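**Student:** Have a look at the structure that comes next, please.
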Amino acid sequence: MARIGCTHLMPSLLSPLKHHTSHCQLMFGLAGVGGTVGFGRAKARPFSSSRICMSLKAGIVGLPNVGKSTLFNAVVENGKAQAANFPFCTIEPNVGIVAVPDPRLNVLSDLSKSQRAVPASIEFVDIAGLVKGASQGEGLGNKFLSHIREVDSLLQVVRCFEDNDVIHVNGKVDPRSDIDVINLELVFSDLDQIEKRLDKLKKSKGRDSQSKVKEDAERSALEKIKIALLDGKPARSVTITDFEKEAVKHLCLLTMKPIIYVANVAESEVADPGSNPHVKEVMGLASELQSGLVTVSAQVESELTELPSEERTEYLQSLGVSESGLGNLIRATYSLLGLRTYFTSGEKETKAWTILAGMTAPQAAGVIHSDFEKGFIRAETVAYDDFVAAGSLAAAREKGVLRSEGKEYIVQEGDVMLFRFNV
Ligand SMILES: Nc1ncnc2c1ncn2[C@@H]1O[C@H](COP(=O)(O)OP(=O)(O)OP(=O)(O)O)[C@@H](O)[C@H]1O
Ligand SMILES: [Mg+2]
């Protein structure tokens with residue numbers, strides 16, 4: 001797809017790249033949940049078909065043979081991506097749905113004596129390895145980049161384990177260089193997109209004054225982003241207005257996507273990853289770039305999934321840790337995607353629903369069913385902590401902590417909700 005015409009930019013990129021990424025808040029609030037059921041005839045449906053689905057994809061990227069598919073198979077239950085010790089093992093992306101672990105779900109489910117508890121989920125995509133020159137067609141090149149364009153956030157697997165038997169495409173384990181290679185290719189690809197788009201905009205006359213205003217905003221944003229990219233900085237580091245952001249959204253710029261670095265360590269380092277100098281280096285880079293960092297051993301995690309549950313604890317203990325690192329990784333990704341959870345909780349089920357930060361009560365109701373949004377009357381809402389302290393919805397109502405919220409209400413993380421609507 002994207003052909004690259006950025007070779008003239010090379011000299012300015014010879015200096016070491018400075019990475020500046022946007023803030024990726026990795027605070028996984030274990031705060032409140034809410035939950036109740038909707039009244040009416042509409043049946044609940046899984047949110048996979050809802051309009052927010054587009055924002056739920058996290059792409060696993062990195063150099064070839066660094067452990068992407070191994071990690072994917074560990075994260076995705078029944079993941080069947082081929083993982084083997086040779087570069088470019090993965091060509092077509094593997095896609096899998098992953099449940100987001102959330103201890104609040106079971107607390108609510110127990111209180112409500114629910115028959116089942118249904119967690120929120122996100123989608124992981126295991127993408128082919130990227131090498132230097134990919135933006136100009138090296139390796140799987142442009143095809144790989146088009147797969148990245150389709151995801152909403154990136155998990156970059158960075159090899160931190162030493163193992164002479166596992167081929168490293170550049171001959172040695174060097175996280176800084178690996179991170180630079182990937183960033184540079186993404187930067188090149190974005191520059192190519194931007195050049196083409198600016199050319200088009202130059203010729204465009206704008207159909208009416210409204211589209212002219214939009215095109216002007218797009219042009220001004222792209223000019224600013226281009227300057228940052230030429231300096232080796234990602235698009236997400238550039239300050240642009242919300243209107244400009246909206247105007248460039250259609251380009252799906254790769255360096256606009258938030259990123260978490262996943263330091264992949266050896267089995268022997270799981271208990272104390274900080275002692276590995278490569279991990280220290282990635283830690284430094286991640287904090288410099290204000291992006292997330294998760295340390296995990298893809299190998300260990302993938303072996304854990306093969307074991308019966310009683311043997312898992314034993315294996316983890318033998319490594320000197322108490323739990324798998326995947327929960328952290330999944331929650332970090334969820335948070336990075338800007339997602340929030342609200343709950344419904346009743347006898348039939350307690351369920352975690354995924355919404356985007358800032359969604360109103362009717363929009364949140366629409367994630368369950370579009371009828372809930374269309375016929376929205378009000379939402380009875382209680383914060384998770386208040387629900388737990390009261391013990392039930394009825395008790396929360398008696399205590400006066402159950403609020404009746406209208407159409408303008410912005411749903412908060414952990415709200416437990418009961419929607420009233422007309423159909
Ligand atoms: N933490 C680790 N410690 C030791 N070996 C590992 C670790 N993680 C992955 N490996 C090994 O690295 C090799 C490559 O793994 P994998 O196929 O998952 O890489 P990949 O990034 O998906 O590669 P490709 O880009 O070619 O698809 C495998 O042999 C795997 O067992
Ligand atoms: Mg692979």
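In the structure tokens, chains take the letters A, B, ... in the order shown, each chain's residues start at 1, and ligands count up from 1 in the order shown.
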I'd like the neighbourhood of A:Gly338 as a PyMOL selection string, where a residue qualifies if any of its atoms comes within 7 Å (using only C-alpha atoms), though same-chain residues fewer than 4 positions away should be ignored.

**Tutor:** chain A and resi 334+356-357

**Student:** Produce a file of the selected residues containing C-alpha atoms, as a PDB file, in the first residue's frame.

**Tutor:**
```pdb
ATOM      1  CA  TYR A 334      -7.737  -1.289  28.183  1.00  0.00           C
ATOM      2  CA  LEU A 356     -15.414   5.437  25.811  1.00  0.00           C
ATOM      3  CA  ALA A 357     -14.455   8.048  28.390  1.00  0.00           C
TER       4      ALA A 357
END
```

**Student:** Leaving out A:Gln412 and any residue of its chain fewer than 4 positions from it, which residues lie within 10 Å of it when counting only C-alpha atoms, given as a VMD selection string?

**Tutor:** chain A and resid 32 to 34 340 to 342 355 357 to 361 381 to 384 416

**Student:** The selected residues should be written to file as a PDB file, in the first residue's frame (atoms: C-alpha atoms).

**Tutor:**
```pdb
ATOM      1  CA  GLY A  32     -16.595   1.271  41.666  1.00  0.00           C
ATOM      2  CA  VAL A  33     -18.879  -0.687  39.526  1.00  0.00           C
ATOM      3  CA  GLY A  34     -22.475  -0.160  39.031  1.00  0.00           C
ATOM      4  CA  ARG A 340     -14.189   2.877  30.838  1.00  0.00           C
ATOM      5  CA  THR A 341     -16.324   0.263  32.508  1.00  0.00           C
ATOM      6  CA  TYR A 342     -19.788   0.504  33.957  1.00  0.00           C
ATOM      7  CA  ILE A 355     -17.668   2.623  26.944  1.00  0.00           C
ATOM      8  CA  ALA A 357     -14.455   8.048  28.390  1.00  0.00           C
ATOM      9  CA  GLY A 358     -16.971  10.923  28.268  1.00  0.00           C
ATOM     10  CA  MET A 359     -19.996   8.963  27.066  1.00  0.00           C
ATOM     11  CA  THR A 360     -23.395  10.124  28.345  1.00  0.00           C
ATOM     12  CA  ALA A 361     -25.925   7.865  30.057  1.00  0.00           C
ATOM     13  CA  THR A 381     -26.908   5.157  39.215  1.00  0.00           C
ATOM     14  CA  VAL A 382     -24.745   4.321  42.186  1.00  0.00           C
ATOM     15  CA  ALA A 383     -20.962   4.385  42.505  1.00  0.00           C
ATOM     16  CA  TYR A 384     -19.357   0.961  42.949  1.00  0.00           C
ATOM     17  CA  VAL A 416     -23.553   0.557  38.611  1.00  0.00           C
TER      18      VAL A 416
END
```

**Student:** Taking only C-alpha atoms and all ligand atoms into account, which residues have an atom no farther than 9 Å from ligand 1? I'd like them as a ChimeraX atom specification.

**Tutor:** /A:60-73,81-91,126-130,157,159-163,165-167,263-267,296-302

**Student:** Please, which residues of stretch 216-361 of chain A, numbered as in this document, come out strand (DSSP E or B) from DSSP, as a PyMOL selection string?

**Tutor:** chain A and resi 259-264+292-296+339-345+349-356+360

**Student:** Can you pull out the residues contacting A:Gly284? Cut-off 12 Å, using only C-alpha atoms, and skip same-chain residues under 6 positions away; I want them as a ChimeraX atom specification.

**Tutor:** /A:19,175-176,261,263,274,277-278,290-293

**Student:** Please write the residues from the selection above to a file, keeping C-alpha atoms, as a PDB file, in the first residue's frame.

**Tutor:**
```
ATOM      1  CA  HIS A  19      10.779   9.913  21.221  1.00  0.00           C
ATOM      2  CA  PRO A 175      16.097  -2.512  22.912  1.00  0.00           C
ATOM      3  CA  ARG A 176      16.942   1.096  22.093  1.00  0.00           C
ATOM      4  CA  TYR A 261       6.270  -1.178  25.467  1.00  0.00           C
ATOM      5  CA  ALA A 263       9.616  -5.878  27.748  1.00  0.00           C
ATOM      6  CA  GLY A 274      14.511  -4.810  37.039  1.00  0.00           C
ATOM      7  CA  PRO A 277      19.861  -4.047  32.079  1.00  0.00           C
ATOM      8  CA  HIS A 278      17.807  -4.256  28.871  1.00  0.00           C
ATOM      9  CA  GLN A 290       5.666   9.161  28.689  1.00  0.00           C
ATOM     10  CA  SER A 291       4.340   5.872  27.422  1.00  0.00           C
ATOM     11  CA  GLY A 292       3.444   2.673  29.199  1.00  0.00           C
ATOM     12  CA  LEU A 293       5.689  -0.228  30.105  1.00  0.00           C
TER      13      LEU A 293
END
```

**Student:** Fewer than 6 positions away in the same chain doesn't count, so skip those; otherwise give me all residues within 12 Å of A:Val76, counting only C-alpha atoms, as a compact mmCIF listing (two decimals) with C-alpha atoms, in the first residue's frame.

**Tutor:**
```
# COMPACT_ATOMS: atom_id res chain seq x y z
CA SER A 69 2.87 -14.55 18.52
CA THR A 70 4.01 -16.30 21.70
CA ASN A 94 -4.09 -13.23 13.98
CA VAL A 95 -7.06 -11.76 15.83
CA GLY A 96 -8.42 -12.79 19.23
CA ILE A 97 -10.85 -11.52 21.87
CA VAL A 98 -9.61 -11.23 25.45
CA ALA A 99 -11.58 -10.80 28.68
CA VAL A 100 -10.51 -7.89 30.86
CA SER A 121 -13.34 -7.59 26.46
CA ILE A 122 -10.82 -6.17 24.01
CA GLU A 123 -9.43 -7.40 20.73
CA PHE A 124 -5.74 -8.23 20.22
CA VAL A 125 -4.17 -8.43 16.79
CA ASP A 126 -0.86 -10.24 16.27
CA GLU A 301 2.93 -17.00 29.93
CA SER A 302 2.52 -19.28 26.96
CA THR A 305 -1.63 -21.66 29.41
CA LEU A 326 -1.07 -10.98 31.71
CA GLY A 327 -3.71 -9.32 33.89
CA ILE A 330 -4.61 -6.48 29.53
```

**Student:** Just asking: which residues within stretch 158-243 of chain A are helix (DSSP H, G or I) according to DSSP, as a PDB file with N, CA and C atoms, in the first residue's frame?

**Tutor:**
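Result written to result-v1.pdb:
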```
ATOM      1  N   PRO A 175      17.433  -3.118  22.900  1.00  0.00           N
ATOM      2  CA  PRO A 175      16.097  -2.512  22.912  1.00  0.00           C
ATOM      3  C   PRO A 175      16.030  -1.120  22.305  1.00  0.00           C
ATOM      4  N   ARG A 176      17.011  -0.280  22.603  1.00  0.00           N
ATOM      5  CA  ARG A 176      16.942   1.096  22.093  1.00  0.00           C
ATOM      6  C   ARG A 176      16.921   1.103  20.566  1.00  0.00           C
ATOM      7  N   SER A 177      17.819   0.309  20.000  1.00  0.00           N
ATOM      8  CA  SER A 177      17.880   0.257  18.546  1.00  0.00           C
ATOM      9  C   SER A 177      16.585  -0.349  17.982  1.00  0.00           C
ATOM     10  N   ASP A 178      16.058  -1.386  18.649  1.00  0.00           N
ATOM     11  CA  ASP A 178      14.828  -2.023  18.164  1.00  0.00           C
ATOM     12  C   ASP A 178      13.666  -1.024  18.171  1.00  0.00           C
ATOM     13  N   ILE A 179      13.577  -0.268  19.249  1.00  0.00           N
ATOM     14  CA  ILE A 179      12.490   0.712  19.372  1.00  0.00           C
ATOM     15  C   ILE A 179      12.651   1.801  18.306  1.00  0.00           C
ATOM     16  N   ASP A 180      13.895   2.223  18.082  1.00  0.00           N
ATOM     17  CA  ASP A 180      14.157   3.243  17.055  1.00  0.00           C
ATOM     18  C   ASP A 180      13.759   2.763  15.663  1.00  0.00           C
ATOM     19  N   VAL A 181      14.098   1.504  15.361  1.00  0.00           N
ATOM     20  CA  VAL A 181      13.782   0.971  14.029  1.00  0.00           C
ATOM     21  C   VAL A 181      12.280   1.044  13.779  1.00  0.00           C
ATOM     22  N   ILE A 182      11.517   0.582  14.748  1.00  0.00           N
ATOM     23  CA  ILE A 182      10.058   0.575  14.572  1.00  0.00           C
ATOM     24  C   ILE A 182       9.534   2.010  14.447  1.00  0.00           C
ATOM     25  N   ASN A 183       9.972   2.865  15.361  1.00  0.00           N
ATOM     26  CA  ASN A 183       9.483   4.247  15.315  1.00  0.00           C
ATOM     27  C   ASN A 183       9.787   4.913  13.986  1.00  0.00           C
ATOM     28  N   LEU A 184      11.000   4.705  13.518  1.00  0.00           N
ATOM     29  CA  LEU A 184      11.421   5.340  12.274  1.00  0.00           C
ATOM     30  C   LEU A 184      10.550   4.894  11.101  1.00  0.00           C
ATOM     31  N   GLU A 185      10.253   3.617  11.045  1.00  0.00           N
ATOM     32  CA  GLU A 185       9.428   3.116   9.944  1.00  0.00           C
ATOM     33  C   GLU A 185       8.017   3.701  10.014  1.00  0.00           C
ATOM     34  N   LEU A 186       7.502   3.829  11.227  1.00  0.00           N
ATOM     35  CA  LEU A 186       6.160   4.406  11.383  1.00  0.00           C
ATOM     36  C   LEU A 186       6.177   5.884  10.980  1.00  0.00           C
ATOM     37  N   VAL A 187       7.251   6.564  11.379  1.00  0.00           N
ATOM     38  CA  VAL A 187       7.411   7.986  11.027  1.00  0.00           C
ATOM     39  C   VAL A 187       7.465   8.146   9.502  1.00  0.00           C
ATOM     40  N   PHE A 188       8.252   7.313   8.839  1.00  0.00           N
ATOM     41  CA  PHE A 188       8.372   7.381   7.375  1.00  0.00           C
ATOM     42  C   PHE A 188       7.025   7.165   6.700  1.00  0.00           C
ATOM     43  N   SER A 189       6.318   6.174   7.188  1.00  0.00           N
ATOM     44  CA  SER A 189       5.028   5.851   6.594  1.00  0.00           C
ATOM     45  C   SER A 189       4.063   7.034   6.745  1.00  0.00           C
ATOM     46  N   ASP A 190       4.056   7.650   7.933  1.00  0.00           N
ATOM     47  CA  ASP A 190       3.177   8.813   8.157  1.00  0.00           C
ATOM     48  C   ASP A 190       3.577   9.979   7.275  1.00  0.00           C
ATOM     49  N   LEU A 191       4.883  10.192   7.130  1.00  0.00           N
ATOM     50  CA  LEU A 191       5.346  11.308   6.292  1.00  0.00           C
ATOM     51  C   LEU A 191       4.873  11.132   4.855  1.00  0.00           C
ATOM     52  N   ASP A 192       4.935   9.897   4.391  1.00  0.00           N
ATOM     53  CA  ASP A 192       4.506   9.601   3.030  1.00  0.00           C
ATOM     54  C   ASP A 192       3.019   9.938   2.857  1.00  0.00           C
ATOM     55  N   GLN A 193       2.226   9.493   3.842  1.00  0.00           N
ATOM     56  CA  GLN A 193       0.776   9.761   3.825  1.00  0.00           C
ATOM     57  C   GLN A 193       0.515  11.261   3.794  1.00  0.00           C
ATOM     58  N   ILE A 194       1.247  11.962   4.664  1.00  0.00           N
ATOM     59  CA  ILE A 194       1.015  13.400   4.812  1.00  0.00           C
ATOM     60  C   ILE A 194       1.392  14.164   3.547  1.00  0.00           C
ATOM     61  N   GLU A 195       2.535  13.798   2.956  1.00  0.00           N
ATOM     62  CA  GLU A 195       2.960  14.453   1.702  1.00  0.00           C
ATOM     63  C   GLU A 195       1.865  14.314   0.646  1.00  0.00           C
ATOM     64  N   LYS A 196       1.362  13.103   0.512  1.00  0.00           N
ATOM     65  CA  LYS A 196       0.346  12.844  -0.514  1.00  0.00           C
ATOM     66  C   LYS A 196      -0.910  13.658  -0.237  1.00  0.00           C
ATOM     67  N   ARG A 197      -1.300  13.682   1.034  1.00  0.00           N
ATOM     68  CA  ARG A 197      -2.528  14.379   1.404  1.00  0.00           C
ATOM     69  C   ARG A 197      -2.374  15.892   1.207  1.00  0.00           C
ATOM     70  N   LEU A 198      -1.203  16.425   1.574  1.00  0.00           N
ATOM     71  CA  LEU A 198      -0.982  17.870   1.399  1.00  0.00           C
ATOM     72  C   LEU A 198      -1.031  18.245  -0.077  1.00  0.00           C
ATOM     73  N   ASP A 199      -0.500  17.361  -0.927  1.00  0.00           N
ATOM     74  CA  ASP A 199      -0.537  17.582  -2.373  1.00  0.00           C
ATOM     75  C   ASP A 199      -1.982  17.688  -2.852  1.00  0.00           C
ATOM     76  N   LYS A 200      -2.783  16.759  -2.369  1.00  0.00           N
ATOM     77  CA  LYS A 200      -4.201  16.727  -2.740  1.00  0.00           C
ATOM     78  C   LYS A 200      -4.911  17.988  -2.252  1.00  0.00           C
ATOM     79  N   LEU A 201      -4.613  18.360  -1.030  1.00  0.00           N
ATOM     80  CA  LEU A 201      -5.274  19.537  -0.454  1.00  0.00           C
ATOM     81  C   LEU A 201      -4.902  20.802  -1.219  1.00  0.00           C
ATOM     82  N   LYS A 202      -3.670  20.819  -1.747  1.00  0.00           N
ATOM     83  CA  LYS A 202      -3.221  21.985  -2.511  1.00  0.00           C
ATOM     84  C   LYS A 202      -4.116  22.193  -3.735  1.00  0.00           C
ATOM     85  N   LYS A 203      -4.493  21.052  -4.342  1.00  0.00           N
ATOM     86  CA  LYS A 203      -5.302  21.118  -5.570  1.00  0.00           C
ATOM     87  C   LYS A 203      -6.781  21.343  -5.270  1.00  0.00           C
ATOM     88  N   SER A 209     -18.001  26.807   2.129  1.00  0.00           N
ATOM     89  CA  SER A 209     -17.174  27.447   3.150  1.00  0.00           C
ATOM     90  C   SER A 209     -16.877  26.493   4.313  1.00  0.00           C
ATOM     91  N   GLN A 210     -17.844  25.612   4.601  1.00  0.00           N
ATOM     92  CA  GLN A 210     -17.652  24.681   5.707  1.00  0.00           C
ATOM     93  C   GLN A 210     -16.505  23.701   5.414  1.00  0.00           C
ATOM     94  N   SER A 211     -16.525  23.164   4.192  1.00  0.00           N
ATOM     95  CA  SER A 211     -15.470  22.199   3.874  1.00  0.00           C
ATOM     96  C   SER A 211     -14.119  22.916   3.735  1.00  0.00           C
ATOM     97  N   LYS A 212     -14.163  24.184   3.364  1.00  0.00           N
ATOM     98  CA  LYS A 212     -12.922  24.969   3.292  1.00  0.00           C
ATOM     99  C   LYS A 212     -12.296  25.110   4.672  1.00  0.00           C
ATOM    100  N   VAL A 213     -13.146  25.418   5.663  1.00  0.00           N
ATOM    101  CA  VAL A 213     -12.667  25.579   7.039  1.00  0.00           C
ATOM    102  C   VAL A 213     -12.021  24.270   7.511  1.00  0.00           C
ATOM    103  N   LYS A 214     -12.676  23.180   7.173  1.00  0.00           N
ATOM    104  CA  LYS A 214     -12.176  21.860   7.585  1.00  0.00           C
ATOM    105  C   LYS A 214     -10.824  21.571   6.918  1.00  0.00           C
ATOM    106  N   GLU A 215     -10.762  21.867   5.633  1.00  0.00           N
ATOM    107  CA  GLU A 215      -9.516  21.610   4.906  1.00  0.00           C
ATOM    108  C   GLU A 215      -8.377  22.481   5.448  1.00  0.00           C
ATOM    109  N   ASP A 216      -8.712  23.711   5.798  1.00  0.00           N
ATOM    110  CA  ASP A 216      -7.679  24.595   6.364  1.00  0.00           C
ATOM    111  C   ASP A 216      -7.150  24.020   7.674  1.00  0.00           C
ATOM    112  N   ALA A 217      -8.078  23.507   8.496  1.00  0.00           N
ATOM    113  CA  ALA A 217      -7.672  22.929   9.780  1.00  0.00           C
ATOM    114  C   ALA A 217      -6.790  21.705   9.545  1.00  0.00           C
ATOM    115  N   GLU A 218      -7.175  20.912   8.550  1.00  0.00           N
ATOM    116  CA  GLU A 218      -6.397  19.702   8.257  1.00  0.00           C
ATOM    117  C   GLU A 218      -4.994  20.077   7.776  1.00  0.00           C
ATOM    118  N   ARG A 219      -4.959  21.058   6.885  1.00  0.00           N
ATOM    119  CA  ARG A 219      -3.668  21.491   6.334  1.00  0.00           C
ATOM    120  C   ARG A 219      -2.760  22.002   7.455  1.00  0.00           C
ATOM    121  N   SER A 220      -3.332  22.820   8.327  1.00  0.00           N
ATOM    122  CA  SER A 220      -2.491  23.405   9.376  1.00  0.00           C
ATOM    123  C   SER A 220      -2.000  22.324  10.341  1.00  0.00           C
ATOM    124  N   ALA A 221      -2.872  21.357  10.657  1.00  0.00           N
ATOM    125  CA  ALA A 221      -2.453  20.270  11.553  1.00  0.00           C
ATOM    126  C   ALA A 221      -1.365  19.429  10.895  1.00  0.00           C
ATOM    127  N   LEU A 222      -1.549  19.122   9.612  1.00  0.00           N
ATOM    128  CA  LEU A 222      -0.572  18.265   8.923  1.00  0.00           C
ATOM    129  C   LEU A 222       0.791  18.951   8.811  1.00  0.00           C
ATOM    130  N   GLU A 223       0.774  20.266   8.610  1.00  0.00           N
ATOM    131  CA  GLU A 223       2.050  20.994   8.543  1.00  0.00           C
ATOM    132  C   GLU A 223       2.790  20.865   9.875  1.00  0.00           C
ATOM    133  N   LYS A 224       2.031  21.010  10.976  1.00  0.00           N
ATOM    134  CA  LYS A 224       2.660  20.925  12.301  1.00  0.00           C
ATOM    135  C   LYS A 224       3.198  19.509  12.550  1.00  0.00           C
ATOM    136  N   ILE A 225       2.392  18.531  12.191  1.00  0.00           N
ATOM    137  CA  ILE A 225       2.800  17.138  12.424  1.00  0.00           C
ATOM    138  C   ILE A 225       4.036  16.797  11.583  1.00  0.00           C
ATOM    139  N   LYS A 226       4.043  17.327  10.362  1.00  0.00           N
ATOM    140  CA  LYS A 226       5.165  17.045   9.459  1.00  0.00           C
ATOM    141  C   LYS A 226       6.486  17.530  10.070  1.00  0.00           C
ATOM    142  N   ILE A 227       6.445  18.704  10.667  1.00  0.00           N
ATOM    143  CA  ILE A 227       7.661  19.254  11.284  1.00  0.00           C
ATOM    144  C   ILE A 227       8.150  18.326  12.389  1.00  0.00           C
ATOM    145  N   ALA A 228       7.222  17.821  13.207  1.00  0.00           N
ATOM    146  CA  ALA A 228       7.601  16.917  14.297  1.00  0.00           C
ATOM    147  C   ALA A 228       8.179  15.620  13.740  1.00  0.00           C
ATOM    148  N   LEU A 229       7.529  15.077  12.711  1.00  0.00           N
ATOM    149  CA  LEU A 229       7.983  13.808  12.128  1.00  0.00           C
ATOM    150  C   LEU A 229       9.387  13.941  11.536  1.00  0.00           C
ATOM    151  N   LEU A 230       9.632  15.086  10.890  1.00  0.00           N
ATOM    152  CA  LEU A 230      10.962  15.313  10.304  1.00  0.00           C
ATOM    153  C   LEU A 230      12.035  15.348  11.376  1.00  0.00           C
ATOM    154  N   ALA A 235       3.474  11.778  15.785  1.00  0.00           N
ATOM    155  CA  ALA A 235       2.361  12.725  15.635  1.00  0.00           C
ATOM    156  C   ALA A 235       1.661  12.979  16.962  1.00  0.00           C
ATOM    157  N   ARG A 236       1.618  11.971  17.839  1.00  0.00           N
ATOM    158  CA  ARG A 236       0.876  12.145  19.095  1.00  0.00           C
ATOM    159  C   ARG A 236       1.539  13.150  20.027  1.00  0.00           C
ATOM    160  N   SER A 237       2.806  13.516  19.727  1.00  0.00           N
ATOM    161  CA  SER A 237       3.493  14.476  20.588  1.00  0.00           C
ATOM    162  C   SER A 237       3.144  15.920  20.222  1.00  0.00           C
ATOM    163  N   ASP A 242      -8.835  20.155  19.092  1.00  0.00           N
ATOM    164  CA  ASP A 242      -9.744  19.024  18.883  1.00  0.00           C
ATOM    165  C   ASP A 242     -10.284  19.029  17.451  1.00  0.00           C
ATOM    166  N   PHE A 243     -10.539  20.240  16.944  1.00  0.00           N
ATOM    167  CA  PHE A 243     -11.072  20.358  15.580  1.00  0.00           C
ATOM    168  C   PHE A 243     -10.041  19.840  14.566  1.00  0.00           C
TER     169      PHE A 243
END
```

**Student:** Name all residues at most 7 Å from stretch 311-324 of chain A (count only C-alpha atoms; drop same-chain ones fewer than 2 positions away) and give them as a PyMOL selection string.

**Tutor:** chain A and resi 268+270-271+301+304+307-309+326-327

**Student:** Excluding A:Pro119 and any residue of its chain fewer than 2 positions from it, enumerate the residues within 8 Å of it, using only C-alpha atoms, and give them as a list in words.

**Tutor:** Ala99, Val100, Pro101, Asp102, Leu105, Ala117, Ser121, Lys351, Ala352 and Trp353 of chain A

**Student:** Write the residues you've just listed into a file as a PDB file, in the first residue's frame, and include C-alpha atoms for each of them.

**Tutor:**
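Dumped to again-v5.pdb:
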```
ATOM      1  CA  ALA A  99     -11.584 -10.805  28.681  1.00  0.00           C
ATOM      2  CA  VAL A 100     -10.508  -7.885  30.862  1.00  0.00           C
ATOM      3  CA  PRO A 101      -9.887  -9.139  34.414  1.00  0.00           C
ATOM      4  CA  ASP A 102     -11.734  -7.010  36.962  1.00  0.00           C
ATOM      5  CA  LEU A 105     -17.149  -8.054  38.761  1.00  0.00           C
ATOM      6  CA  ALA A 117     -20.584 -12.746  35.594  1.00  0.00           C
ATOM      7  CA  SER A 121     -13.340  -7.587  26.463  1.00  0.00           C
ATOM      8  CA  LYS A 351     -21.909  -7.598  33.470  1.00  0.00           C
ATOM      9  CA  ALA A 352     -19.081  -5.168  32.780  1.00  0.00           C
ATOM     10  CA  TRP A 353     -19.861  -2.906  29.815  1.00  0.00           C
TER      11      TRP A 353
END
```

**Student:** Just the number, please: distance in Å from atom CA of A:Ser146 to atom CA of A:Ile240, one decimal.

**Tutor:** 24.6 Å

**Student:** Within 12 Å of A:Phe387, counting only C-alpha atoms, which residues show up once you throw out same-chain ones fewer than 6 positions away? Write them as JSON, numbers by chain, please.

**Tutor:** {"A": [31, 32, 33, 34, 35, 36, 104, 107, 108, 109, 111, 112, 343, 344, 345, 380, 381, 393, 394, 395, 396, 397, 398, 399, 400, 401, 402, 403, 414, 415, 416, 417]}

**Student:** Taking into account only C-alpha atoms, which residue in the set A:Ser153, A:Asn422, A:Thr354, A:Asn106 is nearest to A:Leu253?

**Tutor:**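 Distance minimum relative to A:Leu253 lands on A:Ser153.
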